[in-house]
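Asks: Structure file query-v3.tsv, TSV, N, CA and C atoms, is pasted below:
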```tsv
chain	number	residue	atom	x	y	z
A	32	GLN	N	-27.87	21.71	-5.65
A	32	GLN	CA	-26.63	21.32	-6.32
A	32	GLN	C	-25.62	20.85	-5.28
A	33	VAL	N	-25.16	19.60	-5.45
A	33	VAL	CA	-24.21	19.02	-4.51
A	33	VAL	C	-22.82	19.61	-4.77
A	34	GLN	N	-22.21	20.08	-3.72
A	34	GLN	CA	-20.86	20.62	-3.83
A	34	GLN	C	-20.09	20.35	-2.55
A	35	LEU	N	-18.83	20.00	-2.70
A	35	LEU	CA	-17.94	19.79	-1.57
A	35	LEU	C	-16.70	20.66	-1.78
A	36	VAL	N	-16.33	21.38	-0.76
A	36	VAL	CA	-15.15	22.25	-0.85
A	36	VAL	C	-14.21	21.91	0.29
A	37	GLU	N	-13.02	21.41	-0.06
A	37	GLU	CA	-12.01	21.04	0.92
A	37	GLU	C	-11.03	22.20	1.12
A	38	SER	N	-10.52	22.31	2.33
A	38	SER	CA	-9.53	23.34	2.63
A	38	SER	C	-8.66	22.89	3.79
A	39	GLY	N	-7.60	23.63	4.04
A	39	GLY	CA	-6.77	23.38	5.21
A	39	GLY	C	-5.45	22.67	4.93
A	40	GLY	N	-5.24	22.25	3.71
A	40	GLY	CA	-3.98	21.59	3.39
A	40	GLY	C	-2.82	22.58	3.36
A	41	GLY	N	-1.63	22.02	3.16
A	41	GLY	CA	-0.46	22.88	3.09
A	41	GLY	C	0.81	22.07	3.22
A	42	LEU	N	1.91	22.79	3.35
A	42	LEU	CA	3.23	22.19	3.54
A	42	LEU	C	3.56	22.20	5.03
A	43	VAL	N	3.91	21.06	5.56
A	43	VAL	CA	4.21	20.95	6.98
A	43	VAL	C	5.39	20.01	7.16
A	44	GLN	N	6.16	20.26	8.21
A	44	GLN	CA	7.29	19.39	8.51
A	44	GLN	C	6.83	18.10	9.16
A	45	PRO	N	7.61	17.03	9.02
A	45	PRO	CA	7.27	15.79	9.73
A	45	PRO	C	7.07	16.05	11.22
A	46	GLY	N	6.02	15.44	11.76
A	46	GLY	CA	5.67	15.67	13.16
A	46	GLY	C	4.69	16.79	13.37
A	47	GLY	N	4.42	17.55	12.33
A	47	GLY	CA	3.51	18.68	12.44
A	47	GLY	C	2.06	18.27	12.35
A	48	SER	N	1.18	19.27	12.38
A	48	SER	CA	-0.27	19.03	12.38
A	48	SER	C	-0.95	19.91	11.35
A	49	LEU	N	-2.06	19.42	10.87
A	49	LEU	CA	-2.96	20.17	10.00
A	49	LEU	C	-4.39	19.78	10.34
A	50	ARG	N	-5.31	20.70	10.08
A	50	ARG	CA	-6.74	20.40	10.23
A	50	ARG	C	-7.42	20.68	8.90
A	51	LEU	N	-7.92	19.63	8.30
A	51	LEU	CA	-8.64	19.77	7.04
A	51	LEU	C	-10.11	20.01	7.31
A	52	ALA	N	-10.75	20.76	6.43
A	52	ALA	CA	-12.19	20.99	6.52
A	52	ALA	C	-12.84	20.71	5.17
A	53	CYS	N	-14.06	20.22	5.22
A	53	CYS	CA	-14.83	19.95	4.01
A	53	CYS	C	-16.24	20.47	4.24
A	54	THR	N	-16.60	21.52	3.53
A	54	THR	CA	-17.92	22.11	3.67
A	54	THR	C	-18.81	21.64	2.53
A	55	ALA	N	-19.96	21.12	2.89
A	55	ALA	CA	-20.88	20.56	1.90
A	55	ALA	C	-22.06	21.49	1.67
A	56	SER	N	-22.57	21.48	0.46
A	56	SER	CA	-23.82	22.16	0.14
A	56	SER	C	-24.62	21.24	-0.76
A	57	GLY	N	-25.92	21.38	-0.70
A	57	GLY	CA	-26.80	20.56	-1.52
A	57	GLY	C	-27.25	19.26	-0.86
A	58	PHE	N	-26.65	18.93	0.25
A	58	PHE	CA	-27.08	17.77	1.02
A	58	PHE	C	-26.54	17.92	2.44
A	59	ALA	N	-27.13	17.21	3.37
A	59	ALA	CA	-26.69	17.27	4.77
A	59	ALA	C	-25.72	16.13	5.05
A	60	LEU	N	-24.54	16.48	5.54
A	60	LEU	CA	-23.54	15.46	5.85
A	60	LEU	C	-24.09	14.42	6.82
A	61	ARG	N	-24.94	14.84	7.75
A	61	ARG	CA	-25.40	13.93	8.79
A	61	ARG	C	-26.31	12.83	8.23
A	62	ASP	N	-26.76	12.97	7.00
A	62	ASP	CA	-27.65	11.98	6.40
A	62	ASP	C	-26.90	10.87	5.67
A	63	TYR	N	-25.57	10.96	5.62
A	63	TYR	CA	-24.78	10.01	4.85
A	63	TYR	C	-23.57	9.54	5.63
A	64	VAL	N	-23.10	8.35	5.31
A	64	VAL	CA	-21.73	7.98	5.68
A	64	VAL	C	-20.83	8.91	4.88
A	65	ILE	N	-19.88	9.51	5.53
A	65	ILE	CA	-19.03	10.50	4.89
A	65	ILE	C	-17.59	10.22	5.27
A	66	GLY	N	-16.68	10.53	4.38
A	66	GLY	CA	-15.31	10.18	4.69
A	66	GLY	C	-14.28	11.05	4.01
A	67	TRP	N	-13.05	10.85	4.43
A	67	TRP	CA	-11.88	11.48	3.84
A	67	TRP	C	-11.11	10.42	3.05
A	68	PHE	N	-10.71	10.79	1.86
A	68	PHE	CA	-9.94	9.93	0.99
A	68	PHE	C	-8.69	10.68	0.55
A	69	ARG	N	-7.68	9.94	0.16
A	69	ARG	CA	-6.48	10.61	-0.33
A	69	ARG	C	-5.90	9.85	-1.51
A	70	GLN	N	-5.20	10.60	-2.34
A	70	GLN	CA	-4.55	9.99	-3.50
A	70	GLN	C	-3.17	10.59	-3.66
A	71	ALA	N	-2.18	9.73	-3.56
A	71	ALA	CA	-0.80	10.15	-3.77
A	71	ALA	C	-0.44	9.92	-5.24
A	72	PRO	N	0.57	10.63	-5.74
A	72	PRO	CA	0.96	10.45	-7.14
A	72	PRO	C	1.26	8.99	-7.46
A	73	GLY	N	0.65	8.49	-8.53
A	73	GLY	CA	0.91	7.13	-8.96
A	73	GLY	C	0.18	6.06	-8.17
A	74	LYS	N	-0.69	6.47	-7.24
A	74	LYS	CA	-1.42	5.51	-6.42
A	74	LYS	C	-2.91	5.71	-6.57
A	75	GLY	N	-3.67	4.72	-6.16
A	75	GLY	CA	-5.12	4.80	-6.20
A	75	GLY	C	-5.66	5.60	-5.03
A	76	ARG	N	-6.96	5.88	-5.08
A	76	ARG	CA	-7.61	6.62	-3.99
A	76	ARG	C	-7.78	5.69	-2.79
A	77	GLU	N	-7.40	6.17	-1.61
A	77	GLU	CA	-7.42	5.38	-0.38
A	77	GLU	C	-8.40	5.98	0.61
A	78	GLY	N	-9.20	5.13	1.23
A	78	GLY	CA	-10.08	5.59	2.29
A	78	GLY	C	-9.29	5.81	3.56
A	79	VAL	N	-9.19	7.03	4.02
A	79	VAL	CA	-8.40	7.38	5.20
A	79	VAL	C	-9.23	7.26	6.48
A	80	SER	N	-10.40	7.89	6.48
A	80	SER	CA	-11.25	7.87	7.67
A	80	SER	C	-12.67	8.15	7.25
A	81	CYS	N	-13.61	7.42	7.85
A	81	CYS	CA	-15.02	7.61	7.54
A	81	CYS	C	-15.84	7.63	8.82
A	82	MET	N	-17.01	8.24	8.72
A	82	MET	CA	-17.91	8.35	9.86
A	82	MET	C	-19.31	7.99	9.42
A	83	SER	N	-20.00	7.22	10.26
A	83	SER	CA	-21.39	6.86	9.95
A	83	SER	C	-22.28	8.08	10.05
A	84	SER	N	-23.48	7.97	9.48
A	84	SER	CA	-24.39	9.11	9.48
A	84	SER	C	-24.74	9.55	10.90
A	85	GLY	N	-24.88	8.62	11.80
A	85	GLY	CA	-25.18	8.97	13.18
A	85	GLY	C	-23.96	9.41	13.97
A	86	GLY	N	-22.80	9.18	13.42
A	86	GLY	CA	-21.57	9.57	14.08
A	86	GLY	C	-21.03	8.54	15.06
A	87	GLY	N	-21.76	7.44	15.24
A	87	GLY	CA	-21.36	6.47	16.25
A	87	GLY	C	-20.29	5.50	15.80
A	88	VAL	N	-20.07	5.40	14.51
A	88	VAL	CA	-19.06	4.49	13.98
A	88	VAL	C	-18.04	5.30	13.20
A	89	THR	N	-16.78	5.11	13.54
A	89	THR	CA	-15.71	5.77	12.79
A	89	THR	C	-14.69	4.72	12.36
A	90	PHE	N	-14.12	4.94	11.21
A	90	PHE	CA	-13.09	4.07	10.67
A	90	PHE	C	-11.85	4.89	10.39
A	91	TYR	N	-10.70	4.28	10.70
A	91	TYR	CA	-9.41	4.86	10.33
A	91	TYR	C	-8.57	3.76	9.67
A	92	THR	N	-7.96	4.08	8.58
A	92	THR	CA	-7.03	3.13	8.01
A	92	THR	C	-5.86	2.95	8.96
A	93	ASN	N	-5.25	1.77	8.95
A	93	ASN	CA	-4.24	1.43	9.96
A	93	ASN	C	-3.12	2.46	10.06
A	94	SER	N	-2.70	2.99	8.94
A	94	SER	CA	-1.53	3.87	8.95
A	94	SER	C	-1.78	5.21	9.63
A	95	VAL	N	-3.05	5.56	9.91
A	95	VAL	CA	-3.32	6.86	10.55
A	95	VAL	C	-3.94	6.71	11.93
A	96	LYS	N	-4.19	5.48	12.37
A	96	LYS	CA	-4.81	5.28	13.68
A	96	LYS	C	-3.95	5.89	14.77
A	97	GLY	N	-4.60	6.61	15.67
A	97	GLY	CA	-3.90	7.26	16.77
A	97	GLY	C	-3.32	8.62	16.40
A	98	ARG	N	-3.35	8.97	15.12
A	98	ARG	CA	-2.80	10.27	14.69
A	98	ARG	C	-3.86	11.18	14.10
A	99	PHE	N	-4.85	10.62	13.44
A	99	PHE	CA	-5.90	11.41	12.78
A	99	PHE	C	-7.21	11.26	13.54
A	100	THR	N	-8.02	12.30	13.52
A	100	THR	CA	-9.34	12.27	14.13
A	100	THR	C	-10.35	12.92	13.20
A	101	ILE	N	-11.42	12.19	12.90
A	101	ILE	CA	-12.49	12.72	12.06
A	101	ILE	C	-13.58	13.28	12.97
A	102	SER	N	-14.17	14.39	12.54
A	102	SER	CA	-15.27	14.98	13.30
A	102	SER	C	-16.19	15.73	12.34
A	103	ARG	N	-17.35	16.10	12.85
A	103	ARG	CA	-18.35	16.74	11.99
A	103	ARG	C	-19.10	17.78	12.79
A	104	ASP	N	-19.34	18.92	12.17
A	104	ASP	CA	-20.16	19.99	12.77
A	104	ASP	C	-21.44	20.08	11.94
A	105	ASN	N	-22.52	19.53	12.48
A	105	ASN	CA	-23.77	19.49	11.72
A	105	ASN	C	-24.31	20.89	11.44
A	106	ALA	N	-24.14	21.80	12.37
A	106	ALA	CA	-24.66	23.16	12.18
A	106	ALA	C	-23.97	23.86	11.01
A	107	LYS	N	-22.69	23.57	10.84
A	107	LYS	CA	-21.93	24.19	9.74
A	107	LYS	C	-21.88	23.29	8.51
A	108	ASN	N	-22.46	22.09	8.63
A	108	ASN	CA	-22.43	21.11	7.54
A	108	ASN	C	-20.99	20.91	7.04
A	109	THR	N	-20.09	20.73	7.99
A	109	THR	CA	-18.66	20.66	7.69
A	109	THR	C	-18.05	19.44	8.36
A	110	LEU	N	-17.21	18.76	7.61
A	110	LEU	CA	-16.46	17.60	8.09
A	110	LEU	C	-15.02	18.03	8.30
A	111	TYR	N	-14.40	17.51	9.35
A	111	TYR	CA	-13.02	17.87	9.67
A	111	TYR	C	-12.15	16.62	9.73
A	112	LEU	N	-10.86	16.82	9.53
A	112	LEU	CA	-9.87	15.78	9.77
A	112	LEU	C	-8.68	16.44	10.46
A	113	GLN	N	-8.55	16.16	11.75
A	113	GLN	CA	-7.39	16.65	12.50
A	113	GLN	C	-6.26	15.65	12.29
A	114	MET	N	-5.15	16.13	11.77
A	114	MET	CA	-4.03	15.27	11.45
A	114	MET	C	-2.83	15.70	12.29
A	115	ASN	N	-2.39	14.82	13.16
A	115	ASN	CA	-1.23	15.08	14.02
A	115	ASN	C	-0.11	14.12	13.68
A	116	SER	N	1.09	14.45	14.15
A	116	SER	CA	2.26	13.59	13.93
A	116	SER	C	2.39	13.18	12.47
A	117	LEU	N	2.29	14.16	11.62
A	117	LEU	CA	2.29	13.88	10.18
A	117	LEU	C	3.61	13.29	9.72
A	118	LYS	N	3.52	12.40	8.74
A	118	LYS	CA	4.68	11.71	8.19
A	118	LYS	C	4.77	11.99	6.68
A	119	PRO	N	5.95	11.86	6.12
A	119	PRO	CA	6.06	12.08	4.65
A	119	PRO	C	5.11	11.20	3.85
A	120	GLU	N	4.82	10.01	4.33
A	120	GLU	CA	3.91	9.12	3.59
A	120	GLU	C	2.46	9.57	3.64
A	121	ASP	N	2.15	10.59	4.42
A	121	ASP	CA	0.81	11.18	4.42
A	121	ASP	C	0.63	12.18	3.27
A	122	THR	N	1.70	12.47	2.56
A	122	THR	CA	1.62	13.41	1.45
A	122	THR	C	0.67	12.88	0.38
A	123	ALA	N	-0.33	13.69	0.05
A	123	ALA	CA	-1.35	13.28	-0.93
A	123	ALA	C	-2.31	14.43	-1.14
A	124	LEU	N	-3.18	14.26	-2.12
A	124	LEU	CA	-4.32	15.14	-2.31
A	124	LEU	C	-5.49	14.53	-1.55
A	125	TYR	N	-6.08	15.29	-0.64
A	125	TYR	CA	-7.13	14.79	0.24
A	125	TYR	C	-8.49	15.30	-0.24
A	126	TYR	N	-9.44	14.38	-0.31
A	126	TYR	CA	-10.80	14.68	-0.73
A	126	TYR	C	-11.79	14.21	0.35
A	127	CYS	N	-12.95	14.81	0.38
A	127	CYS	CA	-14.04	14.25	1.17
A	127	CYS	C	-15.15	13.82	0.22
A	128	GLY	N	-15.96	12.89	0.69
A	128	GLY	CA	-17.04	12.43	-0.15
A	128	GLY	C	-17.97	11.50	0.57
A	129	GLN	N	-19.12	11.25	-0.03
A	129	GLN	CA	-20.03	10.25	0.52
A	129	GLN	C	-19.36	8.88	0.42
A	130	ALA	N	-19.57	8.07	1.42
A	130	ALA	CA	-18.80	6.84	1.55
A	130	ALA	C	-19.68	5.65	1.87
A	131	ALA	N	-19.06	4.49	1.87
A	131	ALA	CA	-19.70	3.26	2.30
A	131	ALA	C	-18.73	2.56	3.24
A	132	LEU	N	-19.24	2.17	4.40
A	132	LEU	CA	-18.44	1.45	5.38
A	132	LEU	C	-18.63	-0.04	5.20
A	133	ILE	N	-17.52	-0.76	5.19
A	133	ILE	CA	-17.58	-2.22	5.20
A	133	ILE	C	-17.42	-2.64	6.65
A	134	MET	N	-18.42	-3.37	7.15
A	134	MET	CA	-18.46	-3.69	8.57
A	134	MET	C	-18.23	-5.17	8.81
A	135	TYR	N	-17.61	-5.47	9.96
A	135	TYR	CA	-17.56	-6.84	10.49
A	135	TYR	C	-18.44	-6.83	11.73
A	136	GLY	N	-19.59	-7.45	11.63
A	136	GLY	CA	-20.55	-7.36	12.73
A	136	GLY	C	-21.23	-6.00	12.73
A	137	ASP	N	-21.75	-5.61	13.85
A	137	ASP	CA	-22.54	-4.39	13.93
A	137	ASP	C	-21.70	-3.15	14.21
A	138	SER	N	-20.50	-3.33	14.76
A	138	SER	CA	-19.80	-2.14	15.22
A	138	SER	C	-18.32	-2.11	14.87
A	139	ASN	N	-17.87	-2.97	13.97
A	139	ASN	CA	-16.45	-3.02	13.65
A	139	ASN	C	-16.22	-2.70	12.17
A	140	PRO	N	-15.91	-1.46	11.88
A	140	PRO	CA	-15.64	-1.11	10.48
A	140	PRO	C	-14.28	-1.62	10.06
A	141	VAL	N	-14.19	-2.20	8.89
A	141	VAL	CA	-12.92	-2.73	8.42
A	141	VAL	C	-12.36	-1.95	7.24
A	142	SER	N	-13.20	-1.18	6.59
A	142	SER	CA	-12.71	-0.33	5.50
A	142	SER	C	-13.80	0.65	5.11
A	143	CYS	N	-13.42	1.67	4.40
A	143	CYS	CA	-14.41	2.56	3.82
A	143	CYS	C	-14.02	2.89	2.39
A	144	HIS	N	-15.04	3.09	1.57
A	144	HIS	CA	-14.85	3.32	0.15
A	144	HIS	C	-15.78	4.43	-0.31
A	145	PRO	N	-15.51	5.03	-1.42
A	145	PRO	CA	-16.48	5.98	-1.97
A	145	PRO	C	-17.81	5.28	-2.21
A	146	ARG	N	-18.91	5.96	-1.92
A	146	ARG	CA	-20.22	5.38	-2.16
A	146	ARG	C	-20.40	5.15	-3.66
A	147	PRO	N	-20.80	3.95	-4.06
A	147	PRO	CA	-21.02	3.70	-5.49
A	147	PRO	C	-22.00	4.71	-6.07
A	148	GLY	N	-21.63	5.31	-7.16
A	148	GLY	CA	-22.48	6.29	-7.80
A	148	GLY	C	-22.21	7.71	-7.39
A	149	PHE	N	-21.43	7.91	-6.34
A	149	PHE	CA	-21.12	9.28	-5.92
A	149	PHE	C	-20.11	9.88	-6.87
A	150	ASP	N	-20.43	11.03	-7.40
A	150	ASP	CA	-19.57	11.62	-8.42
A	150	ASP	C	-19.48	13.13	-8.27
A	151	TYR	N	-19.46	13.61	-7.03
A	151	TYR	CA	-19.43	15.06	-6.78
A	151	TYR	C	-18.17	15.44	-6.02
A	152	TRP	N	-17.06	14.89	-6.44
A	152	TRP	CA	-15.80	15.19	-5.77
A	152	TRP	C	-15.42	16.65	-5.93
A	153	GLY	N	-14.88	17.21	-4.84
A	153	GLY	CA	-14.36	18.56	-4.90
A	153	GLY	C	-12.97	18.58	-5.51
A	154	GLN	N	-12.31	19.71	-5.37
A	154	GLN	CA	-10.99	19.86	-5.97
A	154	GLN	C	-9.90	19.24	-5.09
A	155	GLY	N	-10.26	18.93	-3.86
A	155	GLY	CA	-9.29	18.37	-2.94
A	155	GLY	C	-8.40	19.45	-2.32
A	156	THR	N	-7.65	19.04	-1.32
A	156	THR	CA	-6.68	19.94	-0.70
A	156	THR	C	-5.36	19.18	-0.55
A	157	GLN	N	-4.28	19.81	-0.99
A	157	GLN	CA	-2.98	19.14	-1.02
A	157	GLN	C	-2.31	19.19	0.35
A	158	VAL	N	-1.86	18.05	0.80
A	158	VAL	CA	-1.07	17.95	2.02
A	158	VAL	C	0.31	17.45	1.63
A	159	THR	N	1.32	18.22	1.98
A	159	THR	CA	2.70	17.85	1.70
A	159	THR	C	3.48	17.86	3.00
A	160	VAL	N	4.06	16.72	3.34
A	160	VAL	CA	4.84	16.59	4.57
A	160	VAL	C	6.29	16.40	4.19
A	161	SER	N	7.09	17.39	4.47
A	161	SER	CA	8.48	17.37	4.03
A	161	SER	C	9.30	18.31	4.89
A	162	SER	N	10.55	17.94	5.11
A	162	SER	CA	11.47	18.82	5.82
A	162	SER	C	12.26	19.68	4.84
```
Have the structure of the file written as structure tokens, please.
Replies:
Amino acid sequence: QVQLVESGGGLVQPGGSLRLACTASGFALRDYVIGWFRQAPGKGREGVSCMSSGGGVTFYTNSVKGRFTISRDNAKNTLYLQMNSLKPEDTALYYCGQAALIMYGDSNPVSCHPRPGFDYWGQGTQVTVSS
């Protein structure tokens, strides 16, 4: 049974940090492109950061480059998102899920999206950045 459980969200002041975790069961994260997505009130789901199955390709949406870092612990079957220098516009519900990377050439990811057909979203973890 495929299950994803996100954790680590919370209320943080601008400039603060959070580390999100996503623990998977029913499949191995290392076998899939996997990513973090977020959805703010009134907005669509946005691909924040994704990682290839081998871990050699990572994508970050422009607004988080240099502030967020995606990583994976294969032994724990857990995906992480280290978020530093948080801004109010980072406020959203964050989810992890199987993803698809859109590439330019062999090594330049330009976007990531939920994998078509993937429908095992967890409950998400809320990140609120506010003073």
Asks: Between A:Ala55, A:Ala130, A:Ala123, A:Leu49, single out the one closest to Leu35 (chain A), counting all atoms listed in the file.
Replies: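 Of all the options, A:Ala55 lies closest to Leu35 (chain A).
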Asks: Please compute the CA of Gln157 (chain A)-CA of Leu124 (chain A) distance, one decimal, in Å.
Replies: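 Computing the Euclidean distance for CA of Gln157 (chain A) and CA of Leu124 (chain A) yields 4.4 Å.
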Asks: Can you tell me how far CA of Phe90 (chain A) sits from CA of Ser162 (chain A), in Å to one decimal?
Replies: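 About the pair CA of Phe90 (chain A) and CA of Ser162 (chain A): they are 29.1 Å apart.
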Asks: Residues within 7 Å of Ser56 (chain A), please, as a count of residues only. Count all atoms listed in the file; anything in the same chain fewer than 4 positions from it doesn't count.
Replies: 6
Asks: Find, counting only C-alpha atoms, the residue in A:Val88, A:Val160, A:Leu112, A:Ala52 that gets nearest to Val141 (chain A).
Replies: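 The closest residue to Val141 (chain A) is A:Val88.
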Asks: Could you tell me which of A:Ser116, A:Thr122, A:Ser38, A:Thr156 comes closest to Phe99 (chain A) if we count all atoms listed in the file?
Replies: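 Of all the options, A:Ser116 lies closest to Phe99 (chain A).
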